[in-house]
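J.: Input structure: work-v1.cif, which contains mmCIF, C-alpha atoms and all ligand atoms.
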```cif
data_entry
#
loop_
_atom_site.group_PDB
_atom_site.id
_atom_site.type_symbol
_atom_site.label_atom_id
_atom_site.label_comp_id
_atom_site.auth_asym_id
_atom_site.auth_seq_id
_atom_site.Cartn_x
_atom_site.Cartn_y
_atom_site.Cartn_z
ATOM 1 C CA MET X 1 43.037 13.782 55.662
ATOM 2 C CA VAL X 2 43.024 10.648 53.544
ATOM 3 C CA GLN X 3 43.367 11.237 49.860
ATOM 4 C CA VAL X 4 41.766 8.605 47.622
ATOM 5 C CA VAL X 5 43.725 8.137 44.425
ATOM 6 C CA ILE X 6 41.854 6.495 41.555
ATOM 7 C CA SER X 7 44.168 4.734 39.134
ATOM 8 C CA GLU X 8 43.848 5.113 35.352
ATOM 9 C CA GLU X 9 42.806 1.441 35.212
ATOM 10 C CA ASP X 10 39.951 1.983 37.713
ATOM 11 C CA ARG X 11 38.858 5.118 35.895
ATOM 12 C CA GLY X 12 38.775 3.172 32.606
ATOM 13 C CA GLU X 13 36.652 0.480 34.248
ATOM 14 C CA GLU X 14 34.309 3.143 35.669
ATOM 15 C CA ILE X 15 33.806 4.572 32.161
ATOM 16 C CA ASN X 16 33.167 1.074 30.746
ATOM 17 C CA ILE X 17 30.502 0.394 33.399
ATOM 18 C CA LYS X 18 28.860 3.760 32.681
ATOM 19 C CA GLU X 19 28.842 3.050 28.936
ATOM 20 C CA LYS X 20 27.391 -0.441 29.517
ATOM 21 C CA GLU X 21 24.635 0.955 31.761
ATOM 22 C CA GLU X 22 23.894 3.642 29.172
ATOM 23 C CA ALA X 23 23.738 1.080 26.332
ATOM 24 C CA GLU X 24 21.350 -1.112 28.371
ATOM 25 C CA GLY X 25 19.180 1.928 29.046
ATOM 26 C CA PHE X 26 18.995 2.786 25.338
ATOM 27 C CA GLU X 27 18.193 -0.850 24.474
ATOM 28 C CA GLU X 28 15.246 -0.765 26.877
ATOM 29 C CA LEU X 29 14.009 2.557 25.420
ATOM 30 C CA CYS X 30 14.318 1.116 21.896
ATOM 31 C CA LYS X 31 12.204 -1.933 22.851
ATOM 32 C CA ARG X 32 9.560 0.372 24.334
ATOM 33 C CA LEU X 33 9.539 2.559 21.218
ATOM 34 C CA ILE X 34 9.124 -0.386 18.837
ATOM 35 C CA LYS X 35 6.350 -1.849 21.023
ATOM 36 C CA GLY X 36 4.557 1.514 20.802
ATOM 37 C CA LEU X 37 4.815 1.371 17.002
ATOM 38 C CA GLU X 38 2.712 -1.803 16.775
ATOM 39 C CA ILE X 39 -0.021 0.079 14.905
ATOM 40 C CA HIS X 40 2.469 0.941 12.142
ATOM 41 C CA ILE X 41 4.622 -2.198 11.988
ATOM 42 C CA PHE X 42 2.941 -5.340 10.741
ATOM 43 C CA GLU X 43 5.938 -7.348 9.629
ATOM 44 C CA GLU X 44 8.116 -9.145 12.153
ATOM 45 C CA LYS X 45 11.257 -8.668 10.035
ATOM 46 C CA VAL X 46 10.774 -4.853 10.043
ATOM 47 C CA ARG X 47 10.215 -4.908 13.806
ATOM 48 C CA GLU X 48 13.402 -6.947 14.313
ATOM 49 C CA ALA X 49 15.431 -4.731 11.967
ATOM 50 C CA MET X 50 14.376 -1.613 13.898
ATOM 51 C CA LEU X 51 15.223 -3.289 17.207
ATOM 52 C CA ARG X 52 18.734 -3.984 15.921
ATOM 53 C CA VAL X 53 19.576 -0.432 14.781
ATOM 54 C CA PRO X 54 20.664 1.846 17.685
ATOM 55 C CA ARG X 55 18.982 5.163 16.725
ATOM 56 C CA HIS X 56 20.918 7.036 19.438
ATOM 57 C CA LYS X 57 24.090 6.419 17.398
ATOM 58 C CA PHE X 58 22.599 8.333 14.435
ATOM 59 C CA VAL X 59 21.783 11.632 16.166
ATOM 60 C CA PRO X 60 24.018 14.432 17.471
ATOM 61 C CA GLU X 61 25.143 14.141 21.115
ATOM 62 C CA TYR X 62 22.587 16.737 22.327
ATOM 63 C CA GLU X 63 19.693 14.690 20.843
ATOM 64 C CA LYS X 64 20.680 11.270 22.265
ATOM 65 C CA ARG X 65 18.180 11.407 25.149
ATOM 66 C CA ALA X 66 15.361 11.967 22.644
ATOM 67 C CA ALA X 67 16.509 9.261 20.208
ATOM 68 C CA TYR X 68 13.782 6.776 21.171
ATOM 69 C CA LEU X 69 10.842 9.157 20.904
ATOM 70 C CA ASP X 70 8.687 8.684 17.823
ATOM 71 C CA MET X 71 9.515 12.028 16.268
ATOM 72 C CA PRO X 72 11.882 13.552 13.696
ATOM 73 C CA LEU X 73 15.015 15.093 15.264
ATOM 74 C CA GLU X 74 17.433 17.747 14.047
ATOM 75 C CA ILE X 75 20.689 16.513 12.569
ATOM 76 C CA GLY X 76 22.023 19.956 11.605
ATOM 77 C CA TYR X 77 22.080 21.945 8.336
ATOM 78 C CA GLY X 78 18.289 22.384 8.572
ATOM 79 C CA GLN X 79 17.735 18.637 8.086
ATOM 80 C CA THR X 80 16.145 15.893 10.164
ATOM 81 C CA ILE X 81 16.284 12.173 10.863
ATOM 82 C CA SER X 82 12.779 10.874 10.035
ATOM 83 C CA ALA X 83 10.408 9.713 12.786
ATOM 84 C CA PRO X 84 10.692 5.955 13.444
ATOM 85 C CA HIS X 85 7.052 5.262 12.436
ATOM 86 C CA MET X 86 7.781 6.839 9.013
ATOM 87 C CA VAL X 87 10.881 4.649 8.574
ATOM 88 C CA ALA X 88 8.755 1.588 9.412
ATOM 89 C CA ILE X 89 5.959 2.592 7.004
ATOM 90 C CA MET X 90 8.410 3.196 4.139
ATOM 91 C CA CYS X 91 10.244 -0.095 4.745
ATOM 92 C CA GLU X 92 6.974 -2.041 4.714
ATOM 93 C CA LEU X 93 5.704 -0.328 1.549
ATOM 94 C CA LEU X 94 9.000 -1.178 -0.166
ATOM 95 C CA GLU X 95 8.655 -4.914 0.653
ATOM 96 C CA LEU X 96 12.409 -5.174 1.151
ATOM 97 C CA ALA X 97 13.980 -8.618 0.991
ATOM 98 C CA GLU X 98 17.404 -10.281 1.267
ATOM 99 C CA GLY X 99 19.637 -9.511 -1.709
ATOM 100 C CA HIS X 100 17.863 -6.345 -2.889
ATOM 101 C CA LYS X 101 19.872 -3.465 -4.348
ATOM 102 C CA VAL X 102 18.343 -0.276 -2.923
ATOM 103 C CA LEU X 103 18.796 3.390 -3.776
ATOM 104 C CA GLU X 104 17.964 5.876 -1.023
ATOM 105 C CA ILE X 105 17.700 9.583 -1.837
ATOM 106 C CA GLY X 106 18.480 11.648 1.275
ATOM 107 C CA ALA X 107 20.951 9.717 3.458
ATOM 108 C CA GLY X 108 20.771 12.324 6.265
ATOM 109 C CA SER X 109 22.014 10.532 9.383
ATOM 110 C CA GLY X 110 22.231 7.100 7.736
ATOM 111 C CA TYR X 111 19.584 5.627 10.092
ATOM 112 C CA ASN X 112 16.951 4.716 7.479
ATOM 113 C CA ALA X 113 19.697 3.248 5.291
ATOM 114 C CA ALA X 114 20.881 1.115 8.228
ATOM 115 C CA VAL X 115 17.358 -0.254 8.813
ATOM 116 C CA MET X 116 17.125 -1.063 5.087
ATOM 117 C CA GLY X 117 20.637 -2.572 5.287
ATOM 118 C CA GLU X 118 19.338 -4.957 7.968
ATOM 119 C CA LEU X 119 16.431 -5.964 5.709
ATOM 120 C CA VAL X 120 18.465 -6.607 2.547
ATOM 121 C CA GLY X 121 21.186 -8.485 4.451
ATOM 122 C CA LYS X 122 24.789 -9.181 3.500
ATOM 123 C CA SER X 123 23.829 -10.260 -0.027
ATOM 124 C CA GLY X 124 22.039 -6.949 -0.658
ATOM 125 C CA HIS X 125 23.274 -3.365 -0.752
ATOM 126 C CA VAL X 126 21.959 0.120 -0.011
ATOM 127 C CA TYR X 127 23.310 3.113 -1.952
ATOM 128 C CA ALA X 128 22.314 6.266 -0.067
ATOM 129 C CA VAL X 129 22.759 9.607 -1.855
ATOM 130 C CA GLU X 130 23.060 12.881 0.081
ATOM 131 C CA ARG X 131 23.531 16.391 -1.367
ATOM 132 C CA LEU X 132 25.079 18.004 1.747
ATOM 133 C CA GLU X 133 28.722 17.077 2.225
ATOM 134 C CA PRO X 134 28.824 17.426 6.053
ATOM 135 C CA LEU X 135 25.876 15.015 6.268
ATOM 136 C CA VAL X 136 27.656 12.566 3.954
ATOM 137 C CA HIS X 137 30.497 12.481 6.520
ATOM 138 C CA PHE X 138 28.033 12.268 9.433
ATOM 139 C CA ALA X 139 26.157 9.327 7.858
ATOM 140 C CA ARG X 140 29.389 7.528 6.911
ATOM 141 C CA LYS X 141 30.739 7.900 10.464
ATOM 142 C CA ASN X 142 27.488 6.644 12.030
ATOM 143 C CA LEU X 143 27.289 3.649 9.680
ATOM 144 C CA LYS X 144 30.944 2.760 10.232
ATOM 145 C CA GLU X 145 30.604 2.910 14.021
ATOM 146 C CA THR X 146 27.511 0.685 13.926
ATOM 147 C CA GLY X 147 29.067 -1.743 11.434
ATOM 148 C CA TYR X 148 26.869 -1.398 8.326
ATOM 149 C CA ASP X 149 29.291 -2.268 5.548
ATOM 150 C CA ASN X 150 26.456 -3.105 3.134
ATOM 151 C CA VAL X 151 25.516 0.602 2.985
ATOM 152 C CA THR X 152 27.441 3.095 0.815
ATOM 153 C CA VAL X 153 26.865 6.833 1.231
ATOM 154 C CA LEU X 154 27.399 8.898 -1.915
ATOM 155 C CA LEU X 155 27.601 12.647 -2.419
ATOM 156 C CA GLY X 156 25.376 13.987 -5.174
ATOM 157 C CA ASP X 157 22.066 15.299 -6.425
ATOM 158 C CA GLY X 158 19.813 12.302 -5.887
ATOM 159 C CA SER X 159 16.980 13.869 -7.893
ATOM 160 C CA MET X 160 18.956 12.483 -10.856
ATOM 161 C CA GLY X 161 19.225 9.078 -9.193
ATOM 162 C CA TYR X 162 22.627 7.401 -9.278
ATOM 163 C CA SER X 163 23.144 5.800 -12.678
ATOM 164 C CA LYS X 164 26.462 4.106 -11.816
ATOM 165 C CA TYR X 165 24.774 1.292 -9.843
ATOM 166 C CA ALA X 166 21.373 1.308 -11.623
ATOM 167 C CA PRO X 167 18.963 -0.397 -12.064
ATOM 168 C CA TYR X 168 17.646 -0.785 -8.514
ATOM 169 C CA ASP X 169 15.168 -3.278 -7.024
ATOM 170 C CA ARG X 170 13.890 -0.594 -4.693
ATOM 171 C CA ILE X 171 14.092 3.215 -4.438
ATOM 172 C CA ALA X 172 13.322 5.088 -1.210
ATOM 173 C CA VAL X 173 13.085 8.876 -1.415
ATOM 174 C CA THR X 174 13.196 10.514 2.013
ATOM 175 C CA CYS X 175 12.638 14.123 0.894
ATOM 176 C CA ALA X 176 9.612 15.574 -0.891
ATOM 177 C CA ALA X 177 9.698 16.108 -4.664
ATOM 178 C CA PRO X 178 7.493 18.503 -6.681
ATOM 179 C CA CYS X 179 6.743 15.564 -9.006
ATOM 180 C CA ILE X 180 8.223 12.108 -9.614
ATOM 181 C CA PRO X 181 11.728 12.568 -11.110
ATOM 182 C CA GLU X 182 11.970 10.820 -14.485
ATOM 183 C CA PRO X 183 15.547 9.482 -13.873
ATOM 184 C CA LEU X 184 14.306 7.638 -10.778
ATOM 185 C CA LEU X 185 11.592 5.891 -12.799
ATOM 186 C CA GLU X 186 14.184 4.956 -15.420
ATOM 187 C CA GLN X 187 16.590 3.570 -12.801
ATOM 188 C CA LEU X 188 13.933 1.344 -11.199
ATOM 189 C CA LYS X 189 14.084 -2.312 -12.330
ATOM 190 C CA PRO X 190 11.055 -3.909 -13.982
ATOM 191 C CA GLY X 191 9.242 -5.507 -11.033
ATOM 192 C CA GLY X 192 10.696 -2.825 -8.745
ATOM 193 C CA ILE X 193 9.044 -0.590 -6.123
ATOM 194 C CA MET X 194 9.678 3.076 -5.295
ATOM 195 C CA VAL X 195 8.294 5.105 -2.381
ATOM 196 C CA ILE X 196 8.394 8.889 -2.645
ATOM 197 C CA PRO X 197 6.707 11.855 -0.941
ATOM 198 C CA VAL X 198 5.339 14.246 -3.563
ATOM 199 C CA GLY X 199 4.031 17.769 -3.075
ATOM 200 C CA ASN X 200 4.890 21.159 -1.716
ATOM 201 C CA TYR X 201 2.991 22.271 1.407
ATOM 202 C CA SER X 202 0.709 19.275 1.374
ATOM 203 C CA GLN X 203 2.593 16.123 0.492
ATOM 204 C CA GLU X 204 1.374 12.647 -0.327
ATOM 205 C CA LEU X 205 3.414 9.460 0.070
ATOM 206 C CA ILE X 206 3.265 7.624 -3.258
ATOM 207 C CA ARG X 207 4.085 3.947 -3.800
ATOM 208 C CA ILE X 208 5.093 3.177 -7.377
ATOM 209 C CA GLU X 209 5.336 -0.253 -8.929
ATOM 210 C CA LYS X 210 6.965 -0.903 -12.290
ATOM 211 C CA ASP X 211 5.758 -4.160 -13.820
ATOM 212 C CA ARG X 212 7.736 -6.542 -16.059
ATOM 213 C CA GLU X 213 6.494 -4.655 -19.156
ATOM 214 C CA ASP X 214 7.658 -1.315 -17.673
ATOM 215 C CA ASN X 215 4.094 -0.134 -16.916
ATOM 216 C CA ILE X 216 3.892 2.205 -13.917
ATOM 217 C CA ARG X 217 1.211 1.905 -11.235
ATOM 218 C CA LYS X 218 0.916 4.643 -8.574
ATOM 219 C CA GLU X 219 -0.914 4.428 -5.262
ATOM 220 C CA LYS X 220 -1.421 7.180 -2.676
ATOM 221 C CA LYS X 221 -0.466 6.089 0.832
ATOM 222 C CA GLY X 222 -1.395 9.092 2.968
ATOM 223 C CA GLU X 223 -0.315 12.615 3.853
ATOM 224 C CA VAL X 224 3.225 13.163 5.116
ATOM 225 C CA ILE X 225 5.685 15.962 5.928
ATOM 226 C CA PHE X 226 9.252 15.797 4.621
ATOM 227 C CA VAL X 227 11.998 18.337 3.929
ATOM 228 C CA PRO X 228 12.253 19.253 0.215
ATOM 229 C CA LEU X 229 14.216 17.400 -2.447
ATOM 230 C CA ILE X 230 16.547 20.095 -3.770
ATOM 231 C CA GLY X 231 18.057 19.548 -7.177
ATOM 232 C CA LYS X 232 17.687 19.352 -10.936
ATOM 233 C CA TYR X 233 14.461 17.298 -10.763
ATOM 234 C CA GLY X 234 13.489 18.675 -7.348
ATOM 235 C CA PHE X 235 12.700 22.143 -5.988
HETATM 236 N N1 LIG E 301 16.889 9.240 5.619
HETATM 237 C C1 LIG E 301 17.462 10.183 6.524
HETATM 238 C C2 LIG E 301 17.828 9.569 7.845
HETATM 239 O O1 LIG E 301 17.600 8.386 8.071
HETATM 240 O O2 LIG E 301 18.396 10.307 8.671
HETATM 241 C C3 LIG E 301 16.582 11.394 6.735
HETATM 242 C C4 LIG E 301 16.451 12.184 5.503
HETATM 243 S S1 LIG E 301 16.059 13.870 5.704
HETATM 244 C C5 LIG E 301 14.373 13.785 6.098
HETATM 245 C C6 LIG E 301 16.144 14.320 3.989
HETATM 246 C C7 LIG E 301 17.542 14.414 3.425
HETATM 247 O O3 LIG E 301 17.459 14.604 2.026
HETATM 248 C C8 LIG E 301 18.344 15.591 3.949
HETATM 249 O O4 LIG E 301 19.521 15.138 4.532
HETATM 250 C C9 LIG E 301 18.630 16.425 2.704
HETATM 251 O O5 LIG E 301 19.869 17.081 2.708
HETATM 252 C C10 LIG E 301 18.554 15.365 1.623
HETATM 253 N N2 LIG E 301 18.323 15.860 0.253
HETATM 254 C C11 LIG E 301 17.517 16.856 -0.190
HETATM 255 N N3 LIG E 301 17.617 16.970 -1.537
HETATM 256 C C12 LIG E 301 18.500 16.009 -1.950
HETATM 257 C C13 LIG E 301 19.015 15.620 -3.211
HETATM 258 N N4 LIG E 301 18.668 16.208 -4.351
HETATM 259 N N5 LIG E 301 19.894 14.598 -3.257
HETATM 260 C C14 LIG E 301 20.284 13.953 -2.127
HETATM 261 N N6 LIG E 301 19.827 14.297 -0.899
HETATM 262 C C15 LIG E 301 18.943 15.292 -0.812
#
```
If you took the structure in this file and wrote it as structure tokens, what would it be?
Ligand code: SAM
T.:
Amino acid sequence: MVQVVISEEDRGEEINIKEKEEAEGFEELCKRLIKGLEIHIFEEKVREAMLRVPRHKFVPEYEKRAAYLDMPLEIGYGQTISAPHMVAIMCELLELAEGHKVLEIGAGSGYNAAVMGELVGKSGHVYAVERLEPLVHFARKNLKETGYDNVTVLLGDGSMGYSKYAPYDRIAVTCAAPCIPEPLLEQLKPGGIMVIPVGNYSQELIRIEKDREDNIRKEKKGEVIFVPLIGKYGF
């Protein structure tokens, strides 16, 4: 009987080929997903940003196969990574541009922050606050592995904002608040935009603009479903 011995080198190469094939497969699924989101994505730069962020690297191993479906997925601790169409809608409402300083409340997996990181570029920065420590580590790991060094994940109660780096050009809240937290309004720059889901069982996505004279204008942008914002100015 002939015994075939596979060397360590060959085994390493086999793994590399498998990983390459897997990466190509995910890239194809990502393209298909973004094409299917055409009714939600109107801006080319948002489309390109979402094509560049590998969503399968922001979900637990057991969810990888579902990473390119347009749905929220579990990330543990009763929390979810938002559905891709929701990430696209929020990014477009925020009118993100190169150089913006962004505050995200609810870092979760770090995926939304990575997409925003793409949109604000190297001259911009995203500060993403998360209240659950294990998710802070999860988001940091995912962002490090995908190379987003213009995103910083911070542990804290984001319902109070994050005064250290305030004021912000943009604020994205990815969990639902009972009402708009006052500290977030204060930490938004004049001329800035905030997007926040507000409500309990029935939630409404609200886009807020603060003009140069600090006047606030609110606009309802449709019904949504998010996990609750837990904290001093939350539930
Ligand atoms: N943006 C995330 C992503 O891309 O994966 C998804 C966010 S998930 C829908 C909402 C997150 O908000 C959860 O991770 C939850 O722990 C967090 N959260 C809830 N209340 C918070 C608070 N007061 N401060 C910071 N994070 C909070």
J.: Of the candidates X:Arg217, X:Lys18, X:Lys232, X:Lys45, which one gets nearest to X:Glu92 if we count all atoms listed in the file?
T.: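 Under the stated criterion, the closest residue is X:Lys45.
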J.: Given the file above and the PyMOL selection byres (((chain X and resi 60) around 10) and not hetatm), which residues are selected, and can you give them as a list of chain:residue names?
T.: X:His56, X:Lys57, X:Phe58, X:Val59, X:Glu61, X:Tyr62, X:Glu63, X:Lys64, X:Ala67, X:Leu73, X:Glu74, X:Ile75, X:Gly76, X:Ser109, X:Phe138
J.: Here is a test: counting only C-alpha atoms and all ligand atoms, which residue of X:Ser123, X:Asn16, X:Ser159, X:Ser202 is nearest to ligand LIG 301 (chain E)?
T.: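 Ranked by minimum distance to ligand LIG 301 (chain E), first place goes to X:Ser159.
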J.: What would the list of residues within 12 Å of (30.7, 6.8, 5.1) (file frame) look like as JSON, numbers by chain, if only C-alpha atoms are what count?
T.: {"X": [107, 108, 109, 110, 113, 114, 127, 128, 129, 130, 133, 134, 135, 136, 137, 138, 139, 140, 141, 142, 143, 144, 145, 146, 147, 148, 149, 150, 151, 152, 153, 154, 155]}
J.: Taking all atoms listed in the file into account, name the residue in X:Gln203, X:Lys220, X:Ile105, X:Val198 that is nearest to ligand LIG 301 (chain E).
T.: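 Distance minimum relative to ligand LIG 301 (chain E) lands on X:Ile105.
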J.: Could you list, as a ChimeraX atom specification, all residues that come within 6 Å of ligand LIG 301 (chain E)? Count all atoms listed in the file.
T.: /X:79-82,105-112,129-132,156-159,174-175,226-231
J.: For those residues, write C-alpha atoms to a file as a compact mmCIF listing (two decimals), in the frame of the given file.
T.:
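Wrote again.txt, looks like this:
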```txt
# COMPACT_ATOMS: atom_id res chain seq x y z
CA GLN X 79 17.74 18.64 8.09
CA THR X 80 16.14 15.89 10.16
CA ILE X 81 16.28 12.17 10.86
CA SER X 82 12.78 10.87 10.04
CA ILE X 105 17.70 9.58 -1.84
CA GLY X 106 18.48 11.65 1.27
CA ALA X 107 20.95 9.72 3.46
CA GLY X 108 20.77 12.32 6.26
CA SER X 109 22.01 10.53 9.38
CA GLY X 110 22.23 7.10 7.74
CA TYR X 111 19.58 5.63 10.09
CA ASN X 112 16.95 4.72 7.48
CA VAL X 129 22.76 9.61 -1.86
CA GLU X 130 23.06 12.88 0.08
CA ARG X 131 23.53 16.39 -1.37
CA LEU X 132 25.08 18.00 1.75
CA GLY X 156 25.38 13.99 -5.17
CA ASP X 157 22.07 15.30 -6.42
CA GLY X 158 19.81 12.30 -5.89
CA SER X 159 16.98 13.87 -7.89
CA THR X 174 13.20 10.51 2.01
CA CYS X 175 12.64 14.12 0.89
CA PHE X 226 9.25 15.80 4.62
CA VAL X 227 12.00 18.34 3.93
CA PRO X 228 12.25 19.25 0.22
CA LEU X 229 14.22 17.40 -2.45
CA ILE X 230 16.55 20.10 -3.77
CA GLY X 231 18.06 19.55 -7.18
```
J.: Report as a list in words the full result of the PyMOL selection byres (((chain X and resi 97-101) around 8) and not hetatm) when it is applied to this structure.
T.: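 For this structure, the PyMOL selection byres (((chain X and resi 97-101) around 8) and not hetatm) resolves to Glu95, Leu96, Val102, Leu103, Leu119, Val120, Gly121, Lys122, Ser123, Gly124, His125, Val126, Tyr127, Tyr168, Asp169 and Arg170 of chain X.
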J.: Quick one, how far is atom CA of X:Arg207 from atom CA of X:Met90?
T.: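 One can read the atom CA of X:Arg207 to atom CA of X:Met90 distance as 9.1 Å.
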J.: Mind checking which residues fall within 9 Å of X:Leu33, counting all atoms listed in the file, ignoring those fewer than 3 positions away in the same chain, and posting them as a ChimeraX atom specification?
T.: /X:28-30,36-37,68-70,84
J.: Where atoms are absent from stretch 43-68 of chain X, fill them in so it carries N, CA and C atoms, then output it as an mmCIF file, in the coordinates of the input.
T.:
```
data_model
loop_
_atom_site.group_PDB
_atom_site.id
_atom_site.type_symbol
_atom_site.label_atom_id
_atom_site.label_comp_id
_atom_site.auth_asym_id
_atom_site.auth_seq_id
_atom_site.Cartn_x
_atom_site.Cartn_y
_atom_site.Cartn_z
ATOM 1 N N GLU X 43 5.035 -6.251 9.973
ATOM 2 C CA GLU X 43 5.938 -7.348 9.629
ATOM 3 C C GLU X 43 7.000 -7.538 10.698
ATOM 4 N N GLU X 44 7.153 -8.798 11.117
ATOM 5 C CA GLU X 44 8.116 -9.145 12.153
ATOM 6 C C GLU X 44 9.546 -8.743 11.746
ATOM 7 N N LYS X 45 9.863 -8.959 10.454
ATOM 8 C CA LYS X 45 11.257 -8.668 10.035
ATOM 9 C C LYS X 45 11.567 -7.162 10.130
ATOM 10 N N VAL X 46 10.555 -6.300 9.921
ATOM 11 C CA VAL X 46 10.774 -4.853 10.043
ATOM 12 C C VAL X 46 10.950 -4.501 11.522
ATOM 13 N N ARG X 47 10.133 -5.125 12.357
ATOM 14 C CA ARG X 47 10.215 -4.908 13.806
ATOM 15 C C ARG X 47 11.622 -5.295 14.305
ATOM 16 N N GLU X 48 12.081 -6.462 13.870
ATOM 17 C CA GLU X 48 13.402 -6.947 14.313
ATOM 18 C C GLU X 48 14.529 -6.052 13.791
ATOM 19 N N ALA X 49 14.393 -5.603 12.539
ATOM 20 C CA ALA X 49 15.431 -4.731 11.967
ATOM 21 C C ALA X 49 15.522 -3.442 12.785
ATOM 22 N N MET X 50 14.360 -2.882 13.155
ATOM 23 C CA MET X 50 14.376 -1.613 13.898
ATOM 24 C C MET X 50 14.874 -1.800 15.330
ATOM 25 N N LEU X 51 14.694 -3.010 15.863
ATOM 26 C CA LEU X 51 15.223 -3.289 17.207
ATOM 27 C C LEU X 51 16.748 -3.396 17.182
ATOM 28 N N ARG X 52 17.277 -3.780 16.008
ATOM 29 C CA ARG X 52 18.734 -3.984 15.921
ATOM 30 C C ARG X 52 19.504 -2.701 15.650
ATOM 31 N N VAL X 53 18.835 -1.658 15.124
ATOM 32 C CA VAL X 53 19.576 -0.432 14.781
ATOM 33 C C VAL X 53 19.501 0.582 15.932
ATOM 34 N N PRO X 54 20.651 0.923 16.538
ATOM 35 C CA PRO X 54 20.664 1.846 17.685
ATOM 36 C C PRO X 54 20.490 3.306 17.230
ATOM 37 N N ARG X 55 19.255 3.812 17.268
ATOM 38 C CA ARG X 55 18.982 5.163 16.725
ATOM 39 C C ARG X 55 19.805 6.243 17.438
ATOM 40 N N HIS X 56 20.157 6.001 18.714
ATOM 41 C CA HIS X 56 20.918 7.036 19.438
ATOM 42 C C HIS X 56 22.316 7.241 18.855
ATOM 43 N N LYS X 57 22.768 6.278 18.032
ATOM 44 C CA LYS X 57 24.090 6.419 17.398
ATOM 45 C C LYS X 57 23.999 7.169 16.064
ATOM 46 N N PHE X 58 22.791 7.634 15.711
ATOM 47 C CA PHE X 58 22.599 8.333 14.435
ATOM 48 C C PHE X 58 22.128 9.771 14.647
ATOM 49 N N VAL X 59 22.197 10.245 15.890
ATOM 50 C CA VAL X 59 21.783 11.632 16.166
ATOM 51 C C VAL X 59 22.934 12.369 16.849
ATOM 52 N N PRO X 60 22.952 13.704 16.773
ATOM 53 C CA PRO X 60 24.018 14.432 17.471
ATOM 54 C C PRO X 60 23.917 14.206 18.986
ATOM 55 N N GLU X 61 25.046 14.388 19.669
ATOM 56 C CA GLU X 61 25.143 14.141 21.115
ATOM 57 C C GLU X 61 23.960 14.760 21.892
ATOM 58 N N TYR X 62 23.614 16.026 21.557
ATOM 59 C CA TYR X 62 22.587 16.737 22.327
ATOM 60 C C TYR X 62 21.175 16.186 22.090
ATOM 61 N N GLU X 63 21.020 15.271 21.134
ATOM 62 C CA GLU X 63 19.693 14.690 20.843
ATOM 63 C C GLU X 63 19.570 13.256 21.365
ATOM 64 N N LYS X 64 20.674 12.697 21.906
ATOM 65 C CA LYS X 64 20.680 11.270 22.265
ATOM 66 C C LYS X 64 19.527 10.875 23.186
ATOM 67 N N ARG X 65 19.230 11.745 24.172
ATOM 68 C CA ARG X 65 18.180 11.407 25.149
ATOM 69 C C ARG X 65 16.807 11.317 24.487
ATOM 70 N N ALA X 66 16.663 11.969 23.326
ATOM 71 C CA ALA X 66 15.361 11.967 22.644
ATOM 72 C C ALA X 66 15.303 10.924 21.528
ATOM 73 N N ALA X 67 16.386 10.143 21.384
ATOM 74 C CA ALA X 67 16.509 9.261 20.208
ATOM 75 C C ALA X 67 15.401 8.221 20.105
ATOM 76 N N TYR X 68 14.803 7.835 21.232
ATOM 77 C CA TYR X 68 13.782 6.776 21.171
ATOM 78 C C TYR X 68 12.368 7.313 21.364
#
```
